[in-house]
>>> print(open('coords-v7.cif').read())   # mmCIF, C-alpha atoms and all ligand atoms
data_entry
#
loop_
_atom_site.label_atom_id
_atom_site.label_comp_id
_atom_site.auth_asym_id
_atom_site.auth_seq_id
_atom_site.Cartn_x
_atom_site.Cartn_y
_atom_site.Cartn_z
CA MET S 1 -146.31 173.82 8.15
CA PRO S 2 -143.73 171.14 7.16
CA ASP S 3 -143.05 168.29 9.57
CA ARG S 4 -139.33 168.93 9.98
CA TYR S 5 -137.08 171.98 10.51
CA ASP S 6 -133.47 172.55 11.40
CA VAL S 7 -134.53 174.58 14.43
CA ILE S 8 -137.75 175.10 16.37
CA VAL S 9 -137.91 178.07 18.74
CA SER S 10 -140.66 177.98 21.35
CA GLY S 11 -141.53 181.50 22.56
CA ALA S 12 -141.35 184.71 20.53
CA GLY S 13 -140.24 187.17 23.22
CA PRO S 14 -136.95 189.02 22.56
CA SER S 15 -134.75 185.98 23.26
CA GLY S 16 -136.78 183.66 21.02
CA SER S 17 -137.26 186.02 18.08
CA TRP S 18 -133.59 187.05 18.12
CA THR S 19 -132.37 183.42 18.21
CA ALA S 20 -134.77 182.58 15.36
CA LEU S 21 -133.56 185.53 13.28
CA ARG S 22 -129.87 184.69 13.78
CA CYS S 23 -130.38 181.01 12.88
CA SER S 24 -132.53 181.87 9.89
CA GLU S 25 -129.97 184.37 8.57
CA ALA S 26 -127.36 181.61 8.71
CA GLY S 27 -129.46 179.61 6.27
CA LEU S 28 -131.16 177.22 8.70
CA SER S 29 -134.86 176.43 8.36
CA VAL S 30 -136.54 177.82 11.48
CA LEU S 31 -140.03 177.59 12.96
CA LEU S 32 -140.79 180.24 15.62
CA LEU S 33 -143.85 179.53 17.78
CA ASP S 34 -145.67 181.52 20.45
CA LYS S 35 -148.74 180.50 22.40
CA ARG S 36 -150.08 184.07 22.32
CA GLU S 37 -151.36 186.12 19.37
CA PHE S 38 -149.18 189.18 18.61
CA PRO S 39 -148.96 192.01 19.40
CA ARG S 40 -149.26 190.85 23.01
CA GLU S 41 -148.71 192.58 26.32
CA LYS S 42 -145.74 191.53 28.49
CA CYS S 43 -145.32 192.65 32.08
CA CYS S 44 -142.17 194.83 31.93
CA ALA S 45 -140.94 198.35 32.71
CA GLY S 46 -139.43 198.65 29.23
CA GLY S 47 -135.99 200.02 30.15
CA LEU S 48 -133.63 199.10 27.31
CA LEU S 49 -130.00 199.78 28.20
CA HIS S 50 -127.56 200.90 25.52
CA ARG S 51 -125.77 197.54 25.85
CA ALA S 52 -128.96 195.75 24.74
CA GLU S 53 -129.35 198.08 21.76
CA VAL S 54 -125.76 197.37 20.73
CA LEU S 55 -126.54 193.65 20.53
CA LEU S 56 -129.19 194.42 17.91
CA GLY S 57 -126.58 196.05 15.66
CA PRO S 58 -128.06 198.12 12.79
CA ARG S 59 -131.53 196.75 13.66
CA ALA S 60 -131.50 199.04 16.72
CA ASP S 61 -132.16 201.94 14.31
CA GLY S 62 -135.73 200.72 13.78
CA LEU S 63 -136.54 200.20 17.47
CA PRO S 64 -139.94 201.57 18.52
CA VAL S 65 -138.42 203.91 21.09
CA GLN S 66 -140.68 205.71 23.57
CA ARG S 67 -138.04 208.05 25.08
CA ARG S 68 -134.24 208.25 24.91
CA ILE S 69 -132.52 208.09 28.31
CA GLY S 70 -129.79 210.66 28.77
CA GLY S 71 -129.13 210.65 32.51
CA ILE S 72 -129.91 209.31 35.95
CA SER S 73 -131.85 210.90 38.78
CA ILE S 74 -132.11 209.55 42.29
CA GLY S 75 -134.91 210.88 44.44
CA MET S 76 -135.20 210.62 48.21
CA ASP S 77 -137.49 212.52 50.56
CA GLY S 78 -138.37 215.03 47.85
CA GLN S 79 -134.73 215.83 47.06
CA THR S 80 -133.25 214.87 43.68
CA TYR S 81 -129.63 214.00 42.84
CA ARG S 82 -128.74 214.05 39.13
CA TRP S 83 -126.09 212.70 36.77
CA SER S 84 -126.12 213.96 33.16
CA THR S 85 -124.40 210.99 31.68
CA GLY S 86 -125.47 211.26 28.03
CA GLU S 87 -126.98 208.32 26.12
CA LEU S 88 -127.72 205.37 28.42
CA GLY S 89 -130.39 203.67 26.33
CA SER S 90 -134.11 204.10 25.81
CA THR S 91 -137.55 203.09 26.99
CA VAL S 92 -139.85 200.92 24.92
CA HIS S 93 -143.34 199.51 25.17
CA ARG S 94 -142.88 195.76 25.26
CA SER S 95 -145.75 194.88 22.93
CA GLU S 96 -144.11 197.17 20.33
CA LEU S 97 -140.55 195.91 20.93
CA ASP S 98 -141.57 192.24 20.78
CA ASN S 99 -143.69 192.78 17.69
CA TYR S 100 -140.78 194.57 16.00
CA LEU S 101 -138.40 191.68 16.73
CA LEU S 102 -140.96 189.10 15.60
CA THR S 103 -141.40 191.01 12.32
CA LEU S 104 -137.60 191.07 11.83
CA ALA S 105 -137.50 187.31 12.40
CA GLU S 106 -140.25 186.82 9.81
CA ARG S 107 -138.42 189.02 7.30
CA SER S 108 -135.26 186.96 7.77
CA GLY S 109 -137.15 184.01 6.28
CA CYS S 110 -138.12 182.22 9.45
CA GLU S 111 -141.61 180.72 9.59
CA THR S 112 -143.65 182.07 12.48
CA ARG S 113 -146.81 180.82 14.09
CA THR S 114 -148.56 182.74 16.91
CA GLY S 115 -151.44 181.33 18.97
CA ALA S 116 -149.56 177.99 18.88
CA ARG S 117 -148.51 176.52 22.23
CA VAL S 118 -145.77 173.92 22.46
CA LEU S 119 -147.39 171.38 24.75
CA ARG S 120 -144.55 168.92 25.09
CA ILE S 121 -140.96 168.36 24.01
CA ARG S 122 -139.49 164.92 23.39
CA GLU S 123 -135.81 164.45 22.65
CA SER S 124 -134.14 161.37 21.20
CA GLU S 125 -130.69 160.69 19.84
CA ALA S 126 -131.63 161.56 16.27
CA LYS S 127 -134.07 164.47 16.70
CA VAL S 128 -136.22 166.58 18.98
CA GLU S 129 -139.99 166.70 18.68
CA ALA S 130 -142.43 169.45 19.70
CA MET S 131 -146.13 168.74 20.16
CA VAL S 132 -148.05 171.67 18.65
CA GLU S 133 -151.78 171.74 17.96
CA GLY S 134 -152.03 167.96 18.22
CA LYS S 135 -149.17 167.45 15.75
CA ALA S 136 -145.57 166.37 16.32
CA ILE S 137 -143.06 168.62 14.53
CA GLU S 138 -139.45 167.47 14.34
CA ALA S 139 -136.21 169.41 14.35
CA ASP S 140 -132.49 168.95 14.83
CA TYR S 141 -132.49 171.53 17.64
CA LEU S 142 -135.08 173.16 19.86
CA VAL S 143 -134.64 176.47 21.64
CA ILE S 144 -136.82 176.99 24.71
CA ALA S 145 -137.52 180.73 25.02
CA GLU S 146 -140.76 180.52 26.95
CA GLY S 147 -139.96 182.96 29.76
CA THR S 148 -139.81 182.32 33.49
CA ALA S 149 -142.92 180.16 33.80
CA SER S 150 -141.84 177.60 31.20
CA GLY S 151 -143.01 174.08 32.01
CA ASN S 152 -141.10 172.71 29.01
CA ALA S 153 -137.79 174.09 30.33
CA ALA S 154 -138.45 172.74 33.83
CA GLY S 155 -139.20 169.29 32.35
CA THR S 156 -136.26 169.26 29.94
CA LEU S 157 -133.54 171.12 31.86
CA GLY S 158 -134.56 171.03 35.51
CA PRO S 159 -135.62 173.76 37.93
CA TYR S 160 -134.10 177.10 38.87
CA PRO S 161 -131.89 176.78 41.96
CA ARG S 162 -133.20 177.80 45.39
CA GLY S 163 -133.62 181.57 45.63
CA GLY S 164 -133.55 181.79 41.85
CA LEU S 165 -136.92 183.51 41.50
CA ILE S 166 -138.01 186.92 42.76
CA ASN S 167 -140.97 189.10 41.85
CA ALA S 168 -140.95 192.22 39.72
CA ALA S 169 -143.87 194.61 39.36
CA ALA S 170 -144.60 197.57 37.12
CA ILE S 171 -147.34 200.16 36.85
CA MET S 172 -148.03 202.77 34.20
CA CYS S 173 -148.62 206.29 35.56
CA GLU S 174 -149.75 209.58 34.07
CA GLY S 175 -147.78 212.66 35.04
CA ASP S 176 -144.17 213.64 35.26
CA MET S 177 -141.50 213.33 37.93
CA GLY S 178 -139.90 216.51 36.57
CA TRP S 179 -136.80 214.48 35.71
CA GLY S 180 -136.91 215.05 31.94
CA GLU S 181 -135.08 212.38 30.02
CA SER S 182 -133.50 210.79 33.12
CA ALA S 183 -134.13 207.25 34.24
CA GLY S 184 -135.15 207.82 37.85
CA PHE S 185 -134.64 205.75 40.96
CA LEU S 186 -136.56 206.42 44.16
CA LEU S 187 -135.01 205.39 47.43
CA PRO S 188 -136.96 204.92 50.64
CA GLY S 189 -136.08 207.98 52.68
CA ARG S 190 -137.93 208.86 55.87
CA ARG S 191 -140.99 210.07 53.95
CA ASP S 192 -141.60 206.87 51.94
CA ALA S 193 -139.99 204.30 54.27
CA ALA S 194 -143.32 202.70 55.23
CA ILE S 195 -144.41 202.33 51.59
CA PHE S 196 -141.20 200.53 50.62
CA ALA S 197 -141.07 198.46 53.82
CA SER S 198 -144.58 197.11 53.22
CA ALA S 199 -143.29 195.45 50.04
CA GLY S 200 -139.78 194.58 51.19
CA ALA S 201 -138.65 196.80 48.29
CA ARG S 202 -135.39 198.75 48.36
CA ILE S 203 -135.57 200.81 45.23
CA CYS S 204 -138.19 201.85 42.71
CA ALA S 205 -137.30 202.66 39.10
CA ALA S 206 -139.16 205.43 37.26
CA PHE S 207 -138.77 205.25 33.49
CA PRO S 208 -140.14 208.07 31.33
CA VAL S 209 -142.35 207.03 28.41
CA ARG S 210 -144.29 209.15 25.90
CA SER S 211 -147.48 209.24 27.96
CA GLY S 212 -146.04 209.37 31.49
CA VAL S 213 -143.82 207.28 33.75
CA VAL S 214 -143.53 203.54 34.36
CA LEU S 215 -142.78 202.70 38.01
CA SER S 216 -141.21 199.35 38.71
CA THR S 217 -139.70 197.44 41.60
CA VAL S 218 -138.13 194.06 42.40
CA SER S 219 -138.50 192.12 45.66
CA GLY S 220 -139.23 188.73 47.19
CA SER S 221 -142.67 189.94 48.35
CA SER S 222 -146.04 189.00 46.87
CA GLY S 223 -147.47 190.62 43.74
CA PRO S 224 -150.35 192.46 45.44
CA SER S 225 -148.04 194.02 48.07
CA LEU S 226 -145.58 195.14 45.38
CA ILE S 227 -148.32 196.73 43.30
CA LYS S 228 -149.78 198.40 46.39
CA ALA S 229 -146.35 199.83 47.17
CA LEU S 230 -145.98 201.15 43.61
CA GLU S 231 -149.40 202.80 43.90
CA GLY S 232 -148.22 204.40 47.15
CA VAL S 233 -145.04 205.69 45.50
CA ALA S 234 -147.12 207.12 42.64
CA ARG S 235 -149.46 208.93 45.05
CA ALA S 236 -146.56 210.29 47.11
CA ASN S 237 -145.02 211.74 43.95
CA GLY S 238 -148.21 213.25 42.51
CA LEU S 239 -148.60 210.68 39.71
CA MET S 240 -151.94 209.14 38.66
CA THR S 241 -151.83 205.39 38.16
CA ASN S 242 -153.17 204.30 34.82
CA GLY S 243 -154.39 200.69 34.94
CA LYS S 244 -153.86 198.01 37.53
CA GLY S 245 -150.15 197.28 37.33
CA CYS S 246 -148.68 193.85 36.82
CA CYS S 247 -146.34 191.49 38.63
CA HIS S 248 -144.38 188.51 37.33
CA PRO S 249 -141.54 186.34 38.65
CA ILE S 250 -138.09 186.98 37.23
CA ALA S 251 -135.32 184.39 37.35
CA VAL S 252 -132.01 185.66 38.71
CA ARG S 253 -130.00 182.42 38.80
CA PRO S 254 -129.43 180.05 35.87
CA ARG S 255 -131.31 176.75 35.76
CA THR S 256 -129.59 173.56 36.88
CA ARG S 257 -128.83 172.83 33.21
CA LEU S 258 -128.99 175.17 30.24
CA ALA S 259 -128.52 172.67 27.42
CA THR S 260 -129.03 169.01 26.55
CA ASP S 261 -127.82 167.36 23.39
CA ARG S 262 -130.47 169.04 21.21
CA CYS S 263 -132.30 171.59 23.38
CA LEU S 264 -131.21 174.76 25.06
CA ALA S 265 -132.83 177.57 27.04
CA VAL S 266 -132.38 181.28 26.42
CA GLY S 267 -133.43 184.51 28.15
CA ASP S 268 -135.64 184.42 31.24
CA CYS S 269 -136.24 180.77 30.71
CA ALA S 270 -132.54 180.18 31.36
CA GLY S 271 -132.56 182.42 34.50
CA LEU S 272 -130.30 185.26 33.43
CA ALA S 273 -131.86 188.48 34.80
CA SER S 274 -129.96 190.85 37.08
CA PRO S 275 -130.71 190.25 40.79
CA PHE S 276 -130.06 193.96 41.43
CA SER S 277 -132.21 195.68 38.81
CA GLY S 278 -134.27 192.91 37.22
CA GLU S 279 -132.77 193.88 33.86
CA GLY S 280 -133.34 190.90 31.59
CA LEU S 281 -133.36 192.24 28.03
CA THR S 282 -129.57 192.43 27.65
CA PRO S 283 -128.97 188.83 28.82
CA SER S 284 -131.93 187.69 26.71
CA LEU S 285 -130.39 189.06 23.52
CA ALA S 286 -126.84 188.03 24.49
CA SER S 287 -127.93 184.45 25.22
CA ALA S 288 -129.86 184.41 21.93
CA ASN S 289 -126.63 185.32 20.08
CA ASP S 290 -124.72 182.59 21.95
CA ALA S 291 -127.45 180.02 21.33
CA ALA S 292 -127.62 180.80 17.62
CA GLU S 293 -123.83 180.53 17.32
CA ALA S 294 -123.77 177.19 19.15
CA ILE S 295 -126.51 175.78 16.90
CA ILE S 296 -124.96 177.16 13.70
CA ASP S 297 -121.53 175.75 14.62
CA ARG S 298 -122.97 172.39 15.45
CA SER S 299 -125.09 172.17 12.31
CA ARG S 300 -122.00 173.03 10.23
CA GLY S 301 -120.02 170.32 11.99
CA LEU S 302 -117.74 172.87 13.68
CA SER S 303 -118.58 171.57 17.15
CA SER S 304 -119.90 168.34 18.52
CA SER S 305 -122.22 169.52 21.29
CA LEU S 306 -124.23 172.45 22.65
CA GLN S 307 -122.23 172.39 25.90
CA GLU S 308 -120.10 175.33 24.75
CA TYR S 309 -123.29 177.40 24.97
CA GLU S 310 -123.84 176.30 28.57
CA ARG S 311 -120.21 177.12 29.47
CA SER S 312 -120.12 180.58 27.90
CA VAL S 313 -123.48 181.66 29.33
CA ARG S 314 -122.62 180.39 32.82
CA ASP S 315 -119.19 182.06 32.78
CA ARG S 316 -120.58 185.41 31.80
CA VAL S 317 -123.87 185.45 33.63
CA GLU S 318 -122.97 183.87 36.94
CA ARG S 319 -120.14 186.35 37.38
CA ALA S 320 -122.33 189.30 36.36
CA GLN S 321 -125.11 188.18 38.71
CA MET S 322 -122.64 187.77 41.58
CA ILE S 323 -121.20 191.26 41.04
CA ALA S 324 -124.72 192.70 40.81
CA ARG S 325 -125.54 191.02 44.14
CA ILE S 326 -122.40 192.28 45.89
CA THR S 327 -122.52 195.87 44.60
CA GLY S 328 -126.30 195.97 45.06
CA GLU S 329 -126.04 194.85 48.69
CA ALA S 330 -123.20 197.30 49.40
CA LEU S 331 -125.09 200.21 47.85
CA HIS S 332 -128.31 199.32 49.66
CA LEU S 333 -126.47 199.14 52.98
CA ALA S 334 -124.66 202.40 52.35
CA LEU S 335 -127.82 204.15 51.22
CA ARG S 336 -129.78 203.24 54.32
CA GLY S 337 -130.72 205.60 57.09
CA ARG S 338 -128.80 208.68 58.07
CA TRP S 339 -125.86 208.08 55.72
CA ALA S 340 -127.90 208.13 52.55
CA ARG S 341 -127.91 211.90 52.00
CA SER S 342 -124.16 212.21 52.57
CA LEU S 343 -123.41 209.37 50.21
CA LEU S 344 -125.73 210.66 47.48
CA GLY S 345 -124.19 214.10 47.85
CA GLY S 346 -120.72 212.54 47.49
CA LEU S 347 -121.75 210.42 44.51
CA GLU S 348 -123.37 213.40 42.78
CA ARG S 349 -120.00 215.16 42.70
CA ASP S 350 -118.03 212.04 41.86
CA GLN S 351 -116.97 211.70 38.23
CA ALA S 352 -115.90 208.09 38.69
CA PHE S 353 -119.45 207.16 39.68
CA GLU S 354 -120.83 208.84 36.57
CA LYS S 355 -118.28 206.93 34.50
CA ALA S 356 -119.26 203.66 36.21
CA ILE S 357 -122.93 204.19 35.28
CA VAL S 358 -122.05 204.89 31.65
CA SER S 359 -119.62 202.01 31.51
CA VAL S 360 -122.19 199.52 32.85
CA ALA S 361 -124.99 200.80 30.59
CA ARG S 362 -122.67 200.51 27.61
CA GLN S 363 -121.03 197.28 28.79
CA GLU S 364 -117.61 198.73 28.19
CA LYS S 365 -114.61 196.53 28.73
CA GLY S 366 -113.76 196.37 32.42
CA SER S 367 -117.14 197.80 33.52
CA GLN S 368 -117.59 195.12 36.19
CA ALA S 369 -114.17 195.84 37.67
CA PHE S 370 -115.06 199.52 37.57
CA LEU S 371 -118.21 198.83 39.57
CA LEU S 372 -116.39 196.69 42.13
CA GLY S 373 -113.73 199.40 42.37
CA MET S 374 -116.40 201.79 43.67
CA LEU S 375 -116.83 199.77 46.87
CA PRO S 376 -113.60 200.68 48.72
CA ARG S 377 -114.26 204.33 47.85
CA LEU S 378 -117.64 204.45 49.63
CA PRO S 379 -116.28 205.75 52.98
CA ALA S 380 -114.44 208.62 51.25
CA LEU S 381 -117.56 209.47 49.24
CA LEU S 382 -119.60 209.50 52.44
CA ALA S 383 -117.17 211.91 54.01
CA SER S 384 -117.05 214.17 50.94
CA GLY S 385 -120.89 214.26 50.76
CA ALA S 386 -121.21 215.03 54.45
CA GLY S 387 -118.84 217.94 54.09
CA GLY S 388 -120.57 219.33 50.97
C1 LIG B 1 -142.22 193.95 36.14
C2 LIG B 1 -141.04 193.65 35.29
C3 LIG B 1 -140.26 194.72 34.86
C4 LIG B 1 -139.14 194.46 34.05
N1 LIG B 1 -138.44 195.54 33.60
C5 LIG B 1 -137.37 195.33 32.80
C6 LIG B 1 -136.66 196.44 32.28
O1 LIG B 1 -137.02 197.61 32.49
N2 LIG B 1 -135.56 196.19 31.50
C7 LIG B 1 -135.15 194.92 31.22
O2 LIG B 1 -134.13 194.76 30.54
N3 LIG B 1 -135.84 193.85 31.68
C8 LIG B 1 -136.95 194.02 32.45
N4 LIG B 1 -137.67 192.95 32.89
C9 LIG B 1 -137.25 191.59 32.48
C10 LIG B 1 -137.71 191.30 31.03
O3 LIG B 1 -139.09 191.52 30.92
C11 LIG B 1 -137.39 189.86 30.65
O4 LIG B 1 -136.04 189.61 30.94
C12 LIG B 1 -137.65 189.56 29.17
O5 LIG B 1 -139.02 189.64 28.88
C13 LIG B 1 -137.16 188.15 28.81
O6 LIG B 1 -137.48 187.88 27.48
P1 LIG B 1 -137.71 186.40 26.99
O7 LIG B 1 -137.81 186.45 25.52
O8 LIG B 1 -136.69 185.51 27.58
O9 LIG B 1 -139.11 185.93 27.64
P2 LIG B 1 -140.57 186.55 27.48
O10 LIG B 1 -140.51 187.97 27.07
O11 LIG B 1 -141.28 186.21 28.73
O12 LIG B 1 -141.22 185.74 26.27
C14 LIG B 1 -141.60 184.41 26.41
C15 LIG B 1 -142.61 184.06 25.32
O13 LIG B 1 -142.83 182.65 25.32
C16 LIG B 1 -144.19 182.40 25.06
N5 LIG B 1 -144.49 181.06 25.58
C17 LIG B 1 -144.50 180.64 26.86
N6 LIG B 1 -144.79 179.32 26.93
C18 LIG B 1 -144.95 178.90 25.65
C19 LIG B 1 -145.26 177.63 25.09
N7 LIG B 1 -145.44 176.53 25.83
N8 LIG B 1 -145.36 177.55 23.74
C20 LIG B 1 -145.17 178.66 22.96
N9 LIG B 1 -144.90 179.87 23.45
C21 LIG B 1 -144.77 179.99 24.79
C22 LIG B 1 -144.91 183.54 25.80
O14 LIG B 1 -146.20 183.77 25.28
C23 LIG B 1 -143.96 184.71 25.55
O15 LIG B 1 -144.33 185.45 24.40
C24 LIG B 1 -138.80 193.14 33.69
C25 LIG B 1 -139.59 192.07 34.13
C26 LIG B 1 -140.71 192.32 34.92
C27 LIG B 1 -141.58 191.17 35.35
#
>>> encode(input="coords-v7.cif", output="structure tokens")
Amino acid sequence: MPDRYDVIVSGAGPSGSWTALRCSEAGLSVLLLDKREFPREKCCAGGLLHRAEVLLGPRADGLPVQRRIGGISIGMDGQTYRWSTGELGSTVHRSELDNYLLTLAERSGCETRTGARVLRIRESEAKVEAMVEGKAIEADYLVIAEGTASGNAAGTLGPYPRGGLINAAAIMCEGDMGWGESAGFLLPGRRDAAIFASAGARICAAFPVRSGVVLSTVSGSSGPSLIKALEGVARANGLMTNGKGCCHPIAVRPRTRLATDRCLAVGDCAGLASPFSGEGLTPSLASANDAAEAIIDRSRGLSSSLQEYERSVRDRVERAQMIARITGEALHLALRGRWARSLLGGLERDQAFEKAIVSVARQEKGSQAFLLGMLPRLPALLASGAGG
């Protein structure tokens, strides 16, 4: 391992490997490090929206896909509402996805080292230094891609803002919801209200994989109560849990800072996940693209700082997170109690809703406006569902 690189990337999850690949393809010398040996497990439900696949370009063709997702089902009190949207994305097993991206990074010429933890980062005017295995390695730039629990990001860039962290849990189940290739979402109707309430959870995703279904939920509650709730949902739906389930914090607000003069944070480490769904893979890959571009521009003398990265990520992500919060809250409110059935009935017949789902999954132009535009229509949808 040489003592100096153009770029060091700490963390070989999707955001780190993709940043490393992009920088390496631009001709920069890159060292990609991860504290774990690969393939490694990562707590995740493995839902990969079409918009995340698009960011991978032609490399999406080699993705280790478990199942293609071709629709949405929403289940409540044993009744199912369906939307056959066509291609929305796929499900993946995270150890396979992350190993695939790490292999792509290696093939692009980047040097990789697993089982190598970055213990400390020190930045000066002329360089940045990473302490790895008792040795200081220097670089012009360092990308922190260490996930939510990164001590190096907290030390270099400051904390997540208040309310920036929530918990997400997932559990692998054997069996079938009978929803085919749909991504499913279970809502707490009368039957399951107590299960959801015990975990403060409002919605539970059910993603089909080759060997069964992955159940997942997001909430401010503790890990054990979330996993217990997922086990309850599995039992209530005739699924057998397979393994213990996992829970991990996800960051749904960007850190105080996202870049210094020579360091920047990408992916979960930056705090970019959706506060509504916990989706973090799209923002991980998008921030990796932005980070690589900022570093490439700066190393070619086309820009004088990494602050453009901070600006573009904040602009895009803070707005997306705010819209996810507003629409999420409105939907949760509308889908509570006795109105839920009427609204779901109305939405099931509503072509604009189907289009909104597709447009968000594909990140079409104007998809956020489309989503916000649904809100004033909720009363009419309620009425149409109640009459149906
Ligand atoms: C239960 C759950 C379900 C989820 N479901 C979905 C979903 O269905 N769809 C979706 O889009 N998103 C989902 N997410 C979010 C998604 O998992 C994350 O957004 C994504 O993993 C972020 O990728 P990353 O590369 O930023 O970080 P990570 O994948 O966390 O990778 C960070 C890497 O850094 C390494 N590392 C950490 N510290 C160091 C160090 N000091 N030195 C070297 N290496 C280090 C770690 O070993 C790890 O490999 C879910 C999250 C949870 C918790």
>>> residues_near_point(input="coords-v7.cif", point="(-146.1, 190.0, 38.5)", cutoff="8 Å", atoms="all atoms listed in the file", output="ChimeraX atom specification")
/S:43,167-170,223,246-249
>>> residues_near_point(input="coords-v7.cif", point="(-137.2, 204.7, 52.6)", cutoff="10 Å", atoms="only C-alpha atoms", output="short mmCIF file (atom, residue, chain, number, x, y, z; two decimals) with C-alpha atoms, keeping the file's coordinate frame")
data_model
loop_
_atom_site.label_atom_id
_atom_site.label_comp_id
_atom_site.auth_asym_id
_atom_site.auth_seq_id
_atom_site.Cartn_x
_atom_site.Cartn_y
_atom_site.Cartn_z
CA MET S 76 -135.20 210.62 48.21
CA ASP S 77 -137.49 212.52 50.56
CA LEU S 186 -136.56 206.42 44.16
CA LEU S 187 -135.01 205.39 47.43
CA PRO S 188 -136.96 204.92 50.64
CA GLY S 189 -136.08 207.98 52.68
CA ARG S 190 -137.93 208.86 55.87
CA ARG S 191 -140.99 210.07 53.95
CA ASP S 192 -141.60 206.87 51.94
CA ALA S 193 -139.99 204.30 54.27
CA ALA S 194 -143.32 202.70 55.23
CA ILE S 195 -144.41 202.33 51.59
CA PHE S 196 -141.20 200.53 50.62
CA ALA S 197 -141.07 198.46 53.82
CA ALA S 201 -138.65 196.80 48.29
CA ARG S 202 -135.39 198.75 48.36
CA ILE S 203 -135.57 200.81 45.23
CA LEU S 335 -127.82 204.15 51.22
CA ARG S 336 -129.78 203.24 54.32
CA GLY S 337 -130.72 205.60 57.09
CA ALA S 340 -127.90 208.13 52.55
#
>>> closest_residue(input="coords-v7.cif", among="S:Glu41, S:Glu25, S:Glu133, S:Asp176", to="S:Glu106", atoms="all atoms listed in the file")
S:Glu25
>>> atom_distance(input="coords-v7.cif", atom1="atom CA of S:Ile72", atom2="atom CA of S:Ser182")
4.8 Å
>>> closest_residue(input="coords-v7.cif", among="S:Arg22, S:Arg67, S:Arg82, S:Lys244", to="S:Phe185", atoms="all atoms listed in the file")
S:Arg82
>>> atom_distance(input="coords-v7.cif", atom1="atom CA of S:Ala105", atom2="atom CA of S:Val9")
11.2 Å
>>> closest_residue(input="coords-v7.cif", among="S:Gly62, S:Tyr141, S:Thr103, S:Gly151", to="S:Arg120", atoms="all atoms listed in the file")
S:Gly151
>>> atom_distance(input="coords-v7.cif", atom1="atom CA of S:Gly184", atom2="atom CA of S:Val233")
12.7 Å
>>> residues_around(input="coords-v7.cif", residues="S:Arg262", least_positions_apart="4", cutoff="9 Å", atoms="only C-alpha atoms", output="list in words")
Glu123, Ser124, Glu125, Lys127, Val128, Ala139, Asp140, Tyr141, Leu142, Val143, Ile295, Ser305 and Leu306 of chain S
>>> residues_around(input="coords-v7.cif", residues="S:Leu230", least_positions_apart="4", cutoff="7 Å", atoms="all atoms listed in the file", output="ChimeraX atom specification")
/S:171,215,226,234
>>> residues_around(input="coords-v7.cif", residues="stretch 372-381 of chain S", least_positions_apart="4", cutoff="10 Å", atoms="all atoms listed in the file", output="number ranges by chain")
S: 323-324, 326-327, 330-331, 334, 342-350, 352-353, 356, 367-368, 385-387
>>> decode(input="coords-v7.cif", residues="stretch 38-49 of chain S", atoms="N, CA and C atoms", output="mmCIF file, in the first residue's frame")
data_model
loop_
_atom_site.group_PDB
_atom_site.id
_atom_site.type_symbol
_atom_site.label_atom_id
_atom_site.label_comp_id
_atom_site.auth_asym_id
_atom_site.auth_seq_id
_atom_site.Cartn_x
_atom_site.Cartn_y
_atom_site.Cartn_z
ATOM 1 N N PHE S 38 -15.297 -8.605 3.394
ATOM 2 C CA PHE S 38 -16.439 -8.785 2.482
ATOM 3 C C PHE S 38 -16.452 -10.200 1.924
ATOM 4 N N PRO S 39 -17.612 -10.735 1.565
ATOM 5 C CA PRO S 39 -18.934 -10.136 1.720
ATOM 6 C C PRO S 39 -19.311 -10.029 3.196
ATOM 7 N N ARG S 40 -20.039 -8.931 3.520
ATOM 8 C CA ARG S 40 -20.476 -8.727 4.902
ATOM 9 C C ARG S 40 -21.980 -8.445 4.913
ATOM 10 N N GLU S 41 -22.590 -8.781 6.029
ATOM 11 C CA GLU S 41 -24.023 -8.507 6.160
ATOM 12 C C GLU S 41 -24.231 -7.040 6.484
ATOM 13 N N LYS S 42 -25.340 -6.452 6.016
ATOM 14 C CA LYS S 42 -25.707 -5.082 6.390
ATOM 15 C C LYS S 42 -27.197 -5.110 6.682
ATOM 16 N N CYS S 43 -27.586 -4.548 7.803
ATOM 17 C CA CYS S 43 -28.999 -4.517 8.181
ATOM 18 C C CYS S 43 -29.765 -3.643 7.184
ATOM 19 N N CYS S 44 -30.652 -4.253 6.388
ATOM 20 C CA CYS S 44 -31.355 -3.510 5.338
ATOM 21 C C CYS S 44 -32.481 -4.381 4.796
ATOM 22 N N ALA S 45 -33.540 -3.751 4.276
ATOM 23 C CA ALA S 45 -34.633 -4.522 3.676
ATOM 24 C C ALA S 45 -34.363 -4.827 2.204
ATOM 25 N N GLY S 46 -33.395 -4.133 1.610
ATOM 26 C CA GLY S 46 -32.985 -4.470 0.251
ATOM 27 C C GLY S 46 -33.917 -4.026 -0.859
ATOM 28 N N GLY S 47 -34.764 -3.020 -0.602
ATOM 29 C CA GLY S 47 -35.607 -2.483 -1.679
ATOM 30 C C GLY S 47 -34.807 -1.467 -2.497
ATOM 31 N N LEU S 48 -34.637 -1.754 -3.785
ATOM 32 C CA LEU S 48 -33.833 -0.877 -4.641
ATOM 33 C C LEU S 48 -34.760 -0.254 -5.679
ATOM 34 N N LEU S 49 -35.102 1.019 -5.478
ATOM 35 C CA LEU S 49 -36.024 1.664 -6.410
ATOM 36 C C LEU S 49 -35.384 1.826 -7.786
#
